[in-house]
$ cat entry.txt   # compact mmCIF, C-alpha atoms
# COMPACT_ATOMS: atom_id res chain seq x y z
CA MET O 1 0.00 0.00 0.00
CA THR O 2 1.26 3.46 -0.87
CA ALA O 3 -0.02 6.40 1.14
CA LYS O 4 -0.53 9.77 -0.58
CA PRO O 5 2.79 11.62 -0.39
CA THR O 6 3.11 14.57 1.98
CA ILE O 7 4.63 17.63 0.30
CA ARG O 8 4.82 20.90 2.21
CA ILE O 9 6.62 24.20 1.75
CA GLN O 10 6.54 26.26 4.91
CA GLN O 11 8.37 28.88 6.98
CA ALA O 12 7.94 26.96 10.22
CA ASP O 13 10.35 24.32 11.44
CA PHE O 14 9.40 20.63 11.31
CA ASP O 15 9.59 17.90 13.94
CA ILE O 16 11.29 14.87 12.39
CA ALA O 17 9.93 12.37 14.96
CA ARG O 18 6.39 13.64 14.44
CA GLU O 19 6.71 13.44 10.66
CA ILE O 20 8.02 9.86 10.84
CA ALA O 21 5.15 8.93 13.16
CA ALA O 22 2.65 10.47 10.72
CA LEU O 23 4.15 8.39 7.92
CA THR O 24 4.13 5.08 9.78
CA ASN O 25 1.09 5.48 12.06
CA GLY O 26 -1.22 2.45 11.87
CA ARG O 27 0.98 0.66 9.32
CA THR O 28 2.49 -2.76 9.84
CA ASP O 29 3.81 -3.21 6.29
CA ILE O 30 6.65 -0.67 6.60
CA GLY O 31 10.02 -2.16 7.51
CA ALA O 32 12.25 0.84 6.86
CA VAL O 33 12.11 4.61 7.04
CA VAL O 34 15.04 6.70 5.80
CA SER O 35 15.22 10.30 6.97
CA PHE O 36 17.40 12.95 5.36
CA SER O 37 17.63 16.45 6.87
CA GLY O 38 19.37 19.36 5.20
CA ILE O 39 20.64 21.86 7.79
CA CYS O 40 21.85 25.45 7.45
CA ARG O 41 25.67 25.52 7.83
CA GLY O 42 27.34 28.33 9.75
CA ASN O 43 30.43 28.35 7.57
CA GLU O 44 30.89 28.13 3.82
CA ASN O 45 34.40 27.93 2.30
CA GLY O 46 35.94 29.39 5.44
CA GLU O 47 33.50 32.29 5.66
CA ASP O 48 31.01 32.60 8.53
CA ILE O 49 27.36 32.64 7.44
CA ALA O 50 24.98 34.75 9.52
CA ALA O 51 21.80 33.41 7.86
CA LEU O 52 20.29 31.97 4.70
CA THR O 53 17.15 33.26 3.03
CA LEU O 54 15.28 30.80 0.83
CA GLU O 55 13.04 31.97 -1.98
CA HIS O 56 10.80 29.66 -4.02
CA TYR O 57 8.41 29.66 -6.97
CA PRO O 58 5.02 28.94 -5.35
CA GLY O 59 3.05 26.36 -7.31
CA MET O 60 5.95 25.17 -9.43
CA ALA O 61 8.02 24.15 -6.40
CA GLU O 62 5.24 21.85 -5.15
CA ALA O 63 4.62 20.54 -8.68
CA GLU O 64 8.31 19.75 -9.30
CA ILE O 65 8.63 17.92 -5.99
CA ALA O 66 5.42 15.96 -6.71
CA ARG O 67 6.75 15.00 -10.15
CA HIS O 68 9.97 13.61 -8.65
CA VAL O 69 8.08 11.80 -5.90
CA GLU O 70 5.97 10.11 -8.60
CA SER O 71 9.13 9.19 -10.44
CA ALA O 72 10.68 7.72 -7.27
CA MET O 73 7.51 5.74 -6.60
CA SER O 74 7.63 4.25 -10.07
CA ARG O 75 11.28 3.21 -9.61
CA TRP O 76 11.15 1.75 -6.10
CA PRO O 77 8.48 -0.08 -4.05
CA LEU O 78 7.79 2.77 -1.61
CA SER O 79 5.12 2.71 1.07
CA GLY O 80 5.20 6.47 1.60
CA VAL O 81 7.16 9.68 1.06
CA SER O 82 7.18 12.99 2.96
CA ILE O 83 9.06 16.07 1.78
CA ILE O 84 9.07 19.35 3.68
CA HIS O 85 11.08 22.34 2.45
CA ARG O 86 11.37 25.51 4.47
CA VAL O 87 11.48 29.02 3.01
CA GLY O 88 12.28 32.41 4.49
CA ARG O 89 15.22 33.40 6.69
CA LEU O 90 17.04 30.54 8.45
CA ASN O 91 19.88 30.71 10.96
CA PRO O 92 22.86 28.31 11.10
CA GLY O 93 21.82 25.05 12.73
CA GLU O 94 18.21 25.33 11.57
CA ASN O 95 16.54 22.70 9.40
CA ILE O 96 16.09 23.48 5.70
CA VAL O 97 14.63 20.34 4.18
CA LEU O 98 13.30 16.95 5.22
CA VAL O 99 12.97 13.87 3.01
CA LEU O 100 11.38 10.72 4.43
CA THR O 101 11.02 7.53 2.44
CA ALA O 102 9.30 4.43 3.73
CA SER O 103 9.44 0.92 2.29
CA GLN O 104 9.23 -2.73 3.27
CA HIS O 105 13.02 -3.01 3.01
CA ARG O 106 15.84 -0.56 3.52
CA GLN O 107 17.42 -0.61 0.04
CA ALA O 108 14.47 1.08 -1.67
CA ALA O 109 14.13 3.65 1.10
CA PHE O 110 17.85 4.57 1.02
CA ALA O 111 18.00 4.80 -2.76
CA ALA O 112 14.78 6.79 -3.11
CA ALA O 113 15.81 9.32 -0.44
CA GLU O 114 19.09 9.97 -2.26
CA PHE O 115 17.37 10.16 -5.66
CA LEU O 116 14.79 12.64 -4.32
CA MET O 117 17.41 14.90 -2.73
CA ASP O 118 19.55 14.89 -5.89
CA TYR O 119 16.57 15.87 -8.05
CA LEU O 120 15.25 18.36 -5.56
CA LYS O 121 18.57 20.23 -5.39
CA ALA O 122 18.99 20.39 -9.16
CA ASN O 123 15.39 20.92 -10.32
CA ALA O 124 13.05 22.25 -7.62
CA PRO O 125 12.74 26.05 -7.93
CA PHE O 126 14.32 27.24 -4.67
CA TRP O 127 17.13 29.77 -4.34
CA LYS O 128 19.40 30.51 -1.38
CA ARG O 129 20.81 33.91 -0.48
CA GLU O 130 23.63 34.01 2.08
CA GLU O 131 24.25 36.73 4.61
CA SER O 132 27.82 37.12 5.82
CA ALA O 133 30.15 39.87 7.03
CA ALA O 134 30.85 40.63 3.35
CA GLY O 135 27.15 41.34 2.69
CA THR O 136 24.46 39.27 1.02
CA ALA O 137 24.98 37.13 -2.06
CA TRP O 138 22.95 34.56 -4.01
CA VAL O 139 24.46 31.11 -3.70
CA ASP O 140 25.90 29.77 -6.97
CA ALA O 141 24.60 26.45 -8.25
CA ARG O 142 27.14 23.65 -8.03
CA THR O 143 28.00 21.60 -11.06
CA HIS O 144 28.35 18.49 -8.88
CA ASP O 145 24.62 18.77 -8.09
CA ASP O 146 23.89 18.29 -11.81
CA ALA O 147 26.41 15.44 -11.91
CA ALA O 148 24.58 13.84 -8.95
CA VAL O 149 21.36 13.85 -10.97
CA ALA O 150 23.02 12.53 -14.12
CA ARG O 151 24.05 9.27 -12.46
CA TRP O 152 20.35 8.32 -11.99
CA THR O 153 19.72 8.52 -15.72
CA LYS O 154 22.51 6.07 -16.63
CA SER O 155 21.35 2.59 -17.65
CA MET P 1 1.29 36.80 -21.01
CA LYS P 2 2.50 36.99 -17.45
CA VAL P 3 6.25 36.95 -16.85
CA LYS P 4 7.71 36.11 -13.44
CA TYR P 5 11.25 36.65 -12.15
CA PHE P 6 12.99 34.99 -9.22
CA ALA P 7 16.16 35.40 -7.12
CA TRP P 8 18.80 37.66 -8.71
CA VAL P 9 16.86 37.95 -11.96
CA ARG P 10 14.01 39.49 -9.91
CA GLU P 11 16.41 41.73 -7.97
CA ARG P 12 18.16 43.03 -11.08
CA ILE P 13 14.89 43.81 -12.88
CA GLY P 14 13.36 45.27 -9.73
CA LYS P 15 10.01 43.50 -9.98
CA SER P 16 8.71 39.99 -9.40
CA GLU P 17 6.16 39.84 -12.22
CA GLU P 18 4.58 41.81 -15.02
CA THR P 19 2.35 41.36 -18.06
CA VAL P 20 4.03 41.71 -21.45
CA GLU P 21 2.83 41.50 -25.05
CA PRO P 22 5.79 40.63 -27.23
CA PRO P 23 5.42 40.94 -31.03
CA ALA P 24 4.75 37.81 -33.11
CA ASN P 25 8.39 37.44 -34.20
CA VAL P 26 9.30 36.67 -30.57
CA ARG P 27 8.71 32.92 -30.89
CA THR P 28 10.86 31.17 -28.31
CA VAL P 29 11.95 31.57 -24.70
CA GLY P 30 15.36 32.67 -26.00
CA ASP P 31 13.71 35.28 -28.26
CA LEU P 32 11.73 36.55 -25.28
CA MET P 33 14.90 37.04 -23.22
CA THR P 34 16.50 38.99 -26.08
CA TRP P 35 13.34 41.11 -26.39
CA LEU P 36 13.09 41.72 -22.63
CA ALA P 37 16.79 42.64 -22.44
CA ARG P 38 16.04 45.62 -24.70
CA ARG P 39 13.46 47.05 -22.30
CA GLY P 40 16.07 48.94 -20.29
CA GLU P 41 19.29 48.79 -18.30
CA THR P 42 17.89 46.70 -15.46
CA TYR P 43 16.63 44.09 -17.95
CA ALA P 44 19.89 44.16 -19.91
CA HIS P 45 21.74 43.49 -16.64
CA ALA P 46 19.41 40.60 -15.68
CA PHE P 47 19.73 38.95 -19.10
CA GLU P 48 23.40 39.78 -19.79
CA LYS P 49 24.29 36.06 -19.72
CA PRO P 50 21.12 34.48 -21.15
CA ARG P 51 22.71 31.02 -21.40
CA ILE P 52 22.81 30.63 -17.62
CA ILE P 53 19.19 31.73 -17.09
CA ARG P 54 16.63 28.95 -16.64
CA ALA P 55 13.03 29.23 -17.79
CA ALA P 56 9.66 27.64 -17.09
CA ILE P 57 6.44 27.78 -19.11
CA ASP P 58 3.27 27.33 -17.05
CA GLN P 59 5.38 26.08 -14.14
CA ALA P 60 7.32 23.39 -16.01
CA HIS P 61 11.02 23.61 -16.93
CA VAL P 62 11.69 24.33 -20.61
CA LYS P 63 14.74 24.83 -22.81
CA GLN P 64 15.50 28.14 -24.51
CA ASP P 65 14.20 26.94 -27.87
CA ALA P 66 10.73 26.23 -26.41
CA VAL P 67 7.94 28.02 -28.29
CA ILE P 68 6.06 30.54 -26.14
CA ALA P 69 2.80 30.64 -28.14
CA GLY P 70 -0.13 29.84 -25.85
CA ALA P 71 1.86 30.25 -22.63
CA ARG P 72 0.00 31.84 -19.73
CA GLU P 73 3.00 32.26 -17.45
CA ILE P 74 6.70 32.30 -18.25
CA ALA P 75 9.29 32.45 -15.48
CA PHE P 76 13.00 33.32 -15.60
CA PHE P 77 15.40 32.42 -12.81
CA PRO P 78 19.00 31.43 -12.03
CA PRO P 79 20.04 27.78 -11.64
CA MET P 80 18.35 26.37 -8.55
CA THR P 81 20.08 26.12 -5.17
CA GLY P 82 17.49 24.58 -2.83
CA GLY P 83 17.71 21.52 -0.66

$ encode --input "entry.txt" --output "structure tokens"
Amino acid sequence: MTAKPTIRIQQADFDIAREIAALTNGRTDIGAVVSFSGICRGNENGEDIAALTLEHYPGMAEAEIARHVESAMSRWPLSGVSIIHRVGRLNPGENIVLVLTASQHRQAAFAAAEFLMDYLKANAPFWKREESAAGTAWVDARTHDDAAVARWTKS
Amino acid sequence: MKVKYFAWVRERIGKSEETVEPPANVRTVGDLMTWLARRGETYAHAFEKPRIIRAAIDQAHVKQDAVIAGAREIAFFPPMTGG
């Protein structure tokens, strides 16, 4: 059985334990839940970061995530998926993103969580702006994020 | 059609969305960027390196040769940095 995926974009923080409980509540067919959290770093390339501000494209961001969740569900036998992405101003140490994948066995849950994060970073319309002593600057996209996506399209 | 801008594209242009009516010879997303870049200095700055700008038509990613006819909403933004 596959539950309807949870996809939320919000300013508020999330509680990982509560989200896992919501995913597994009342289910006895789930044998594995993988949880990935992306957290705001306080230092980037030796420079202290005061805060990150995340902007998104409302509507498209949800649609892109949903599209990749569907794709993950067609590739792996998943029992459920939850993705929460925060927007607005975040301080170092705060949560940015949560990906939960549930399956009967761990392999599918591990692989799907990694697949979803790779696609989310490269394709979901979110943008980070960093605040540091030098001022504010939009974060440059990393080519290795595109490379991370490319490996899922091979064979 | 409605045009939306995000992140530094939005900051450089100084607005997050507007309605534009490009002439018929503006056929593709790439043509639209060239046309928008001529609207003034802020636009020229935003679209100075059009190859790195990403685009979406009606909230789906498209390439620069995508035809814009029939589009309700076209968005321009830098490469994504979420997650």

$ interface_residues --input "entry.txt" --of "chain O" --to "chain P" --cutoff "9 Å" --atoms "only C-alpha atoms" --output "NGL selection string"
:O and (38-39 or 54-57 or 59-61 or 63-64 or 85 or 96-98 or 117-118 or 120-129 or 138-142)

$ closest_residue --input "entry.txt" --among "P:Ala46, P:Ala55, P:Ala69, P:Val9" --to "Pro22 in chain P" --atoms "all atoms listed in the file"
P:Ala69

$ closest_residue --input "entry.txt" --among "P:Leu36, P:Pro50, P:Ala44, P:Val29" --to "Lys63 in chain P" --atoms "all atoms listed in the file"
P:Val29

$ axis_aligned_box --input "entry.txt" --around "range 15-30 of chain O" --padding-each-side "3 Å" --output "JSON"
{"center_x": 5.0, "center_y": 7.3, "center_z": 10.6, "size_x": 18.5, "size_y": 27.1, "size_z": 14.7}

$ closest_residue --input "entry.txt" --among "P:Arg51, P:Arg38, P:Lys2, P:His45" --to "Glu21 in chain P" --atoms "all atoms listed in the file"
P:Lys2

$ closest_residue --input "entry.txt" --among "P:Val62, P:Arg27, P:Thr34, P:Thr42" --to "Ile74 in chain P" --atoms "only C-alpha atoms"
P:Val62

$ atom_distance --input "entry.txt" --atom1 "CA of Arg106 in chain O" --atom2 "CA of Arg151 in chain O"
20.5 Å

$ atom_distance --input "entry.txt" --atom1 "CA of Met73 in chain O" --atom2 "CA of Ser37 in chain O"
20.0 Å

$ atom_distance --input "entry.txt" --atom1 "CA of Pro5 in chain O" --atom2 "CA of Ala148 in chain O"
23.5 Å

$ closest_residue --input "entry.txt" --among "O:Ser79, O:Glu94, O:Leu100, O:Ala133" --to "Thr28 in chain O" --atoms "only C-alpha atoms"
O:Ser79

$ residues_near_point --input "entry.txt" --point "(15.7, 51.2, -14.9)" --cutoff "9 Å" --atoms "only C-alpha atoms" --output "PDB file with C-alpha atoms, in the frame of the given file"
ATOM      1  CA  ILE P  13      14.890  43.810 -12.880  1.00  0.00           C
ATOM      2  CA  GLY P  14      13.360  45.270  -9.730  1.00  0.00           C
ATOM      3  CA  ARG P  39      13.460  47.050 -22.300  1.00  0.00           C
ATOM      4  CA  GLY P  40      16.070  48.940 -20.290  1.00  0.00           C
ATOM      5  CA  GLU P  41      19.290  48.790 -18.300  1.00  0.00           C
ATOM      6  CA  THR P  42      17.890  46.700 -15.460  1.00  0.00           C
ATOM      7  CA  TYR P  43      16.630  44.090 -17.950  1.00  0.00           C
TER       8      TYR P  43
END

$ closest_residue --input "entry.txt" --among "O:Glu114, O:Asp29, O:Glu44, O:Asp146" --to "His68 in chain O" --atoms "all atoms listed in the file"
O:Glu114

$ residues_around --input "entry.txt" --residues "Asn25 in chain O" --least-positions-apart "6" --cutoff "12 Å" --atoms "only C-alpha atoms" --output "JSON, numbers by chain"
{"O": [3, 17, 18, 19, 80, 102]}

$ residues_around --input "entry.txt" --residues "Gly42 in chain O" --least-positions-apart "2" --cutoff "6 Å" --atoms "all atoms listed in the file" --output "list of chain:residue names"
O:Asp48, O:Ile49, O:Pro92

$ build_atoms --input "entry.txt" --residues "range 44-56 of chain P" --atoms "N, CA and C atoms" --output "tab-separated table (two decimals), in the frame of the given file"
chain	number	residue	atom	x	y	z
P	44	ALA	N	18.64	44.53	-19.22
P	44	ALA	CA	19.89	44.16	-19.91
P	44	ALA	C	20.84	43.50	-18.91
P	45	HIS	N	20.88	44.04	-17.69
P	45	HIS	CA	21.74	43.49	-16.64
P	45	HIS	C	21.26	42.08	-16.26
P	46	ALA	N	19.96	41.91	-16.07
P	46	ALA	CA	19.41	40.60	-15.68
P	46	ALA	C	19.69	39.53	-16.73
P	47	PHE	N	19.60	39.94	-18.01
P	47	PHE	CA	19.73	38.95	-19.10
P	47	PHE	C	21.08	39.05	-19.81
P	48	GLU	N	22.10	39.59	-19.12
P	48	GLU	CA	23.40	39.78	-19.79
P	48	GLU	C	24.06	38.44	-20.15
P	49	LYS	N	23.76	37.39	-19.37
P	49	LYS	CA	24.29	36.06	-19.72
P	49	LYS	C	23.09	35.12	-19.88
P	50	PRO	N	22.36	35.24	-20.99
P	50	PRO	CA	21.12	34.48	-21.15
P	50	PRO	C	21.32	32.97	-21.06
P	51	ARG	N	22.50	32.47	-21.40
P	51	ARG	CA	22.71	31.02	-21.40
P	51	ARG	C	22.61	30.41	-20.01
P	52	ILE	N	22.89	31.22	-18.97
P	52	ILE	CA	22.81	30.63	-17.62
P	52	ILE	C	21.42	30.76	-17.00
P	53	ILE	N	20.54	31.54	-17.64
P	53	ILE	CA	19.19	31.73	-17.09
P	53	ILE	C	18.32	30.52	-17.43
P	54	ARG	N	17.58	30.06	-16.43
P	54	ARG	CA	16.63	28.95	-16.64
P	54	ARG	C	15.23	29.53	-16.85
P	55	ALA	N	14.38	28.75	-17.51
P	55	ALA	CA	13.03	29.23	-17.79
P	55	ALA	C	12.00	28.13	-17.54
P	56	ALA	N	10.79	28.57	-17.24
P	56	ALA	CA	9.66	27.64	-17.09
P	56	ALA	C	8.46	28.23	-17.82
